[in-house]
Amino acid sequence: MLNPSNTPTRTRSRALEQYFTRPEIGDLLVGQMTLAEAGHVVELGAGEGSLLAAARRRWQAARLTSVDIDHTLRVADQAIGGHKHLVMNVLSPTFARSRRLDLIEFDAAVCNPPYQVAELADPYRSLLKKVGLHAALPREGGMPVDLVFLAHNLRLLRHGGQMGIIVPDGTVTGERSRPLREALLASHALHSVIELPSRAFPGTDAKTFILTLEKGGSSPDRIPLYSADQYASLSEPLYVSADEAACRMDHRFYAWQRSAGGPAVRALGEFAGVEIIRGRWNATEARHAGLPILHSTDIPGAGQNRDLLLSRAGIRRIYGDAPRARAGDIVLTRVGRHLEERFARVGAGESVISDCLYVVRGPAAAMAQLWRSLNSAHGHAYLAANARGVCARVLNRSSLIEFPLPICTGSLRR
Ligand SMILES: C[S@@+](CC[C@H](N)C(=O)[O-])C[C@H]1O[C@@H](n2cnc3c(N)ncnc32)[C@H](O)[C@@H]1O
């Protein structure tokens with residue numbers, strides 16, 4: 001498995017999510033781990049061994065073990081001294097029983113796993129139970145593969161061993177992953193969370209985070225959250241309690257929340273007469289059927305004219321009572337990459353909206369206040385902080401209901 005460094009770049013498999021980690025992100029991940037020495041280090045889903053190379057830069061004497069399903073991959077030179085590579089499927093039901101790894105207890109685990117979803121299977125149940133994460137077993141919708149990798153890493157670590165792992169947005173911010181966050185906080189020590197910049201990995205826009213954990217330790221009372229810029233430089237930490245971390249653990253959200261201590265605010269959904277309407281039609285289906293539809297791609301972004309003049313032509317009957325935008329409404333993007341940039345006000349006309357949009361309708365004073373807030377740095381930060389998701393980000397209805405409007409005396413009455 002050792003290779004010469006001049007190996008020509010091979011085509012990477014999208015199906016196996018071969019998005020490899022840049023050295024500076026690898027150094028950032030390993031640099032967050034607090035072990036002075038590590039005798040044995042493991043990387044599951046090692047790719048070309050980028051994280052092991054970072055581990056070797058930090059702990060020169062470490063013995064390295066890598067595992068990957070793809071037998072065509074070659075681990076880079078920097079990682080290979082005394083190195084053992086295994087071609088194995090981490091998702092296989094027999095992986096936990098394999099004797100090829102069982103004989104070693106690892107001091108450190110580094111990992112950037114694939115983010116697919118596998119079928120829920122009994123071996124995953126017992127694996128999660130074994131590492132104190134039984135409560136994190138999903139009730140529906142399959143088994144996140146990154147959770148399987150995380151659990152195997154915990155299994156392979158010695159008590160007190162540490163892991164640095166790159167996880168998707170949902171693990172850190174999603175409501176569905178709350179039981180996982182609670183279980184991690186209760187059964188292990190969560191040392192830190194780093195929010196990585198978008199485009200941290202060549203070939204994908206996935207929103208990701210680095211978690212550093214200690215097996216079997218107790219989480220500190222105040223957990224530091226950071227964000228990293230494109231050069232992998234860290235922000236100042238923001239500290240959250242374990243209760244806050246169970247709720248979500250992204251630096252951007254708490255930075256917004258802590259800066260929001262300015263004017264008194266009231267949630268959009270609290271104002272009488274305000275309606276939040278979500279589109280129902282799929283834009284592709286509508287367009288295939290030759291029907292006009294207002295979709296997220298029609299909504300202006302930063303620096304563009306935000307007044308929409310829609311068609312006045314009658315909307316075809318086939319749409320029935322499908323939700324539409326009309327004059328006076330504000331249209332927001334529900335699903336999209338930079339949805340905090342994409343919103344508009346309908347100046348005239350009417351259109352059916354796609355399921356990637358919301359329409360907000362209500363009394364003129366509330367609408368004027370919402371419009372000002374959307375155009376302010378504060379409104380922008382709120383949407384950016386509350387959009388969730390790995391690639392295309394999603395603004396939940398509940399986040400829009402909670403959208404904070406500064407209270408202007410006399411201008412807004414309930
Ligand atoms: C996101 S890449 C990360 C590679 C490397 N750790 C890095 O950070 O550069 C995920 C790796 O997991 C491997 N992989 C995908 N499915 C796997 C499986 N079931 N078992 C073992 N490895 C797998 C892929 O081949 C790929 O190299």
# chains A, B, ... in the order shown; residues from 1 in each chain; ligands from 1
>>> select_by_dssp(residues="region 357-400 of chain A", states="strand (DSSP E)", output="PyMOL selection string")
chain A and resi 357-361+393-394
>>> residues_around(residues="region 20-30 of chain A", least_positions_apart="6", cutoff="7 Å", atoms="only C-alpha atoms", output="VMD selection string")
chain A and resid 47 50 to 51 54 to 55 164 201 210 232
>>> closest_atom_pairs(of="chain A", to="ligand 1", cutoff="7 Å", atoms="only C-alpha atoms and all ligand atoms", output="CSV")
residue,atom,partner,partner_atom_place_in_ligand_line,distance
A:Leu16,CA,ligand 1,15 (C),4.3
A:Glu17,CA,ligand 1,1 (C),5.1
A:Gln18,CA,ligand 1,2 (S),4.0
A:Tyr19,CA,ligand 1,1 (C),4.3
A:Phe20,CA,ligand 1,9 (O),3.1
A:Thr21,CA,ligand 1,9 (O),3.9
A:Glu43,CA,ligand 1,6 (N),6.7
A:Leu44,CA,ligand 1,22 (N),6.3
A:Gly45,CA,ligand 1,12 (O),3.4
A:Ala46,CA,ligand 1,6 (N),3.8
A:Gly47,CA,ligand 1,27 (O),3.2
A:Glu48,CA,ligand 1,9 (O),6.0
A:Gly49,CA,ligand 1,5 (C),5.7
A:Ser50,CA,ligand 1,9 (O),4.7
A:Leu51,CA,ligand 1,8 (O),5.5
A:Val67,CA,ligand 1,21 (C),6.2
A:Asp68,CA,ligand 1,22 (N),3.8
A:Ile69,CA,ligand 1,21 (C),4.0
A:Asp70,CA,ligand 1,25 (O),5.1
A:Met88,CA,ligand 1,21 (C),5.8
A:Asn89,CA,ligand 1,20 (N),3.7
A:Val90,CA,ligand 1,20 (N),3.9
A:Leu91,CA,ligand 1,19 (N),4.8
A:Cys111,CA,ligand 1,6 (N),5.5
A:Asn112,CA,ligand 1,6 (N),4.5
A:Pro113,CA,ligand 1,10 (C),4.8
A:Pro114,CA,ligand 1,10 (C),4.7
>>> residues_around(residues="Pro323 (chain A)", least_positions_apart="2", cutoff="12 Å", atoms="only C-alpha atoms", output="PyMOL selection string")
chain A and resi 275-281+293-294+315+319-321+325-326+329+331+350-361
>>> closest_atom_pairs(of="region 237-282 of chain A", to="region 216-228 of chain A", cutoff="7 Å", atoms="only C-alpha atoms", output="CSV")
residue,atom,partner,partner_atom,distance
A:Pro237,CA,A:Tyr226,CA,5.0
A:Leu238,CA,A:Leu225,CA,5.2
A:Tyr239,CA,A:Pro224,CA,4.5
A:Val240,CA,A:Ile223,CA,5.2
A:Ser241,CA,A:Arg222,CA,5.0
A:Ala242,CA,A:Asp221,CA,6.5
A:Asp250,CA,A:Leu225,CA,6.9
A:His251,CA,A:Leu225,CA,5.3
>>> atom_distance(atom1="CA of Met143 (chain A)", atom2="CA of Pro179 (chain A)")
13.9 Å
>>> residues_around(residues="Ala96 (chain A)", least_positions_apart="5", cutoff="9 Å", atoms="only C-alpha atoms", output="PyMOL selection string")
chain A and resi 90+101-102+123+127+152+155
>>> closest_residue(among="A:Leu185, A:Val148, A:Ile165, A:Ala348", to="Val42 (chain A)", atoms="only C-alpha atoms")
A:Ile165
>>> closest_residue(among="A:Leu190, A:Val172, A:Ile401, A:Val75", to="Met249 (chain A)", atoms="only C-alpha atoms")
A:Val172
>>> residues_around(residues="Gly379 (chain A)", least_positions_apart="4", cutoff="10 Å", atoms="only C-alpha atoms", output="number ranges by chain")
A: 256, 340, 370-375, 383-385, 403-405
>>> decode(residues="region 40-72 of chain A", atoms="N, CA and C atoms", output="mmCIF file, in the first residue's frame")
data_model
loop_
_atom_site.group_PDB
_atom_site.id
_atom_site.type_symbol
_atom_site.label_atom_id
_atom_site.label_comp_id
_atom_site.auth_asym_id
_atom_site.auth_seq_id
_atom_site.Cartn_x
_atom_site.Cartn_y
_atom_site.Cartn_z
ATOM 1 N N HIS A 40 -0.615 4.990 19.135
ATOM 2 C CA HIS A 40 -1.319 4.375 17.991
ATOM 3 C C HIS A 40 -2.439 5.299 17.536
ATOM 4 N N VAL A 41 -2.476 5.544 16.237
ATOM 5 C CA VAL A 41 -3.526 6.412 15.680
ATOM 6 C C VAL A 41 -4.224 5.656 14.553
ATOM 7 N N VAL A 42 -5.557 5.786 14.491
ATOM 8 C CA VAL A 42 -6.311 5.111 13.431
ATOM 9 C C VAL A 42 -7.083 6.134 12.605
ATOM 10 N N GLU A 43 -7.216 5.840 11.299
ATOM 11 C CA GLU A 43 -8.085 6.646 10.435
ATOM 12 C C GLU A 43 -8.979 5.690 9.650
ATOM 13 N N LEU A 44 -10.288 5.752 9.926
ATOM 14 C CA LEU A 44 -11.257 4.943 9.174
ATOM 15 C C LEU A 44 -11.741 5.763 7.984
ATOM 16 N N GLY A 45 -11.820 5.141 6.804
ATOM 17 C CA GLY A 45 -12.168 5.892 5.592
ATOM 18 C C GLY A 45 -11.025 6.840 5.285
ATOM 19 N N ALA A 46 -9.820 6.272 5.144
ATOM 20 C CA ALA A 46 -8.594 7.088 5.173
ATOM 21 C C ALA A 46 -8.300 7.801 3.869
ATOM 22 N N GLY A 47 -8.919 7.368 2.756
ATOM 23 C CA GLY A 47 -8.600 8.010 1.481
ATOM 24 C C GLY A 47 -7.105 7.942 1.222
ATOM 25 N N GLU A 48 -6.493 9.083 0.991
ATOM 26 C CA GLU A 48 -5.045 9.115 0.750
ATOM 27 C C GLU A 48 -4.272 9.439 2.030
ATOM 28 N N GLY A 49 -4.959 9.324 3.162
ATOM 29 C CA GLY A 49 -4.263 9.421 4.454
ATOM 30 C C GLY A 49 -3.929 10.837 4.879
ATOM 31 N N SER A 50 -4.747 11.783 4.425
ATOM 32 C CA SER A 50 -4.447 13.180 4.724
ATOM 33 C C SER A 50 -4.445 13.459 6.235
ATOM 34 N N LEU A 51 -5.398 12.869 6.939
ATOM 35 C CA LEU A 51 -5.476 13.133 8.381
ATOM 36 C C LEU A 51 -4.365 12.398 9.130
ATOM 37 N N LEU A 52 -4.002 11.217 8.623
ATOM 38 C CA LEU A 52 -2.884 10.503 9.262
ATOM 39 C C LEU A 52 -1.584 11.276 9.076
ATOM 40 N N ALA A 53 -1.453 11.913 7.907
ATOM 41 C CA ALA A 53 -0.240 12.708 7.668
ATOM 42 C C ALA A 53 -0.168 13.837 8.687
ATOM 43 N N ALA A 54 -1.325 14.456 8.978
ATOM 44 C CA ALA A 54 -1.351 15.526 9.990
ATOM 45 C C ALA A 54 -1.015 14.945 11.362
ATOM 46 N N ALA A 55 -1.517 13.738 11.650
ATOM 47 C CA ALA A 55 -1.223 13.097 12.941
ATOM 48 C C ALA A 55 0.277 12.837 13.060
ATOM 49 N N ARG A 56 0.871 12.409 11.969
ATOM 50 C CA ARG A 56 2.316 12.132 12.000
ATOM 51 C C ARG A 56 3.123 13.417 12.186
ATOM 52 N N ARG A 57 2.636 14.529 11.613
ATOM 53 C CA ARG A 57 3.352 15.800 11.825
ATOM 54 C C ARG A 57 3.314 16.182 13.310
ATOM 55 N N ARG A 58 2.200 15.820 13.975
ATOM 56 C CA ARG A 58 2.061 16.198 15.397
ATOM 57 C C ARG A 58 2.753 15.194 16.324
ATOM 58 N N TRP A 59 2.491 13.894 16.078
ATOM 59 C CA TRP A 59 3.057 12.856 16.957
ATOM 60 C C TRP A 59 4.006 11.995 16.120
ATOM 61 N N GLN A 60 5.272 12.419 16.035
ATOM 62 C CA GLN A 60 6.188 11.790 15.061
ATOM 63 C C GLN A 60 6.372 10.286 15.282
ATOM 64 N N ALA A 61 6.276 9.851 16.545
ATOM 65 C CA ALA A 61 6.567 8.437 16.815
ATOM 66 C C ALA A 61 5.329 7.549 16.688
ATOM 67 N N ALA A 62 4.205 8.115 16.360
ATOM 68 C CA ALA A 62 2.959 7.332 16.374
ATOM 69 C C ALA A 62 2.975 6.220 15.325
ATOM 70 N N ARG A 63 2.352 5.083 15.689
ATOM 71 C CA ARG A 63 2.145 4.011 14.698
ATOM 72 C C ARG A 63 0.750 4.189 14.131
ATOM 73 N N LEU A 64 0.692 4.186 12.810
ATOM 74 C CA LEU A 64 -0.551 4.584 12.151
ATOM 75 C C LEU A 64 -1.243 3.384 11.521
ATOM 76 N N THR A 65 -2.575 3.373 11.628
ATOM 77 C CA THR A 65 -3.378 2.338 10.966
ATOM 78 C C THR A 65 -4.454 3.027 10.155
ATOM 79 N N SER A 66 -4.583 2.642 8.893
ATOM 80 C CA SER A 66 -5.632 3.230 8.068
ATOM 81 C C SER A 66 -6.515 2.128 7.494
ATOM 82 N N VAL A 67 -7.795 2.496 7.261
ATOM 83 C CA VAL A 67 -8.757 1.553 6.693
ATOM 84 C C VAL A 67 -9.508 2.280 5.591
ATOM 85 N N ASP A 68 -9.648 1.658 4.446
ATOM 86 C CA ASP A 68 -10.508 2.207 3.397
ATOM 87 C C ASP A 68 -11.066 1.049 2.584
ATOM 88 N N ILE A 69 -12.263 1.273 2.045
ATOM 89 C CA ILE A 69 -12.916 0.223 1.259
ATOM 90 C C ILE A 69 -12.315 0.129 -0.138
ATOM 91 N N ASP A 70 -11.692 1.196 -0.597
ATOM 92 C CA ASP A 70 -11.255 1.280 -1.998
ATOM 93 C C ASP A 70 -9.817 0.790 -2.115
ATOM 94 N N HIS A 71 -9.666 -0.384 -2.744
ATOM 95 C CA HIS A 71 -8.324 -0.984 -2.804
ATOM 96 C C HIS A 71 -7.409 -0.234 -3.769
ATOM 97 N N THR A 72 -7.971 0.669 -4.580
ATOM 98 C CA THR A 72 -7.116 1.364 -5.553
ATOM 99 C C THR A 72 -6.427 2.587 -4.937
#
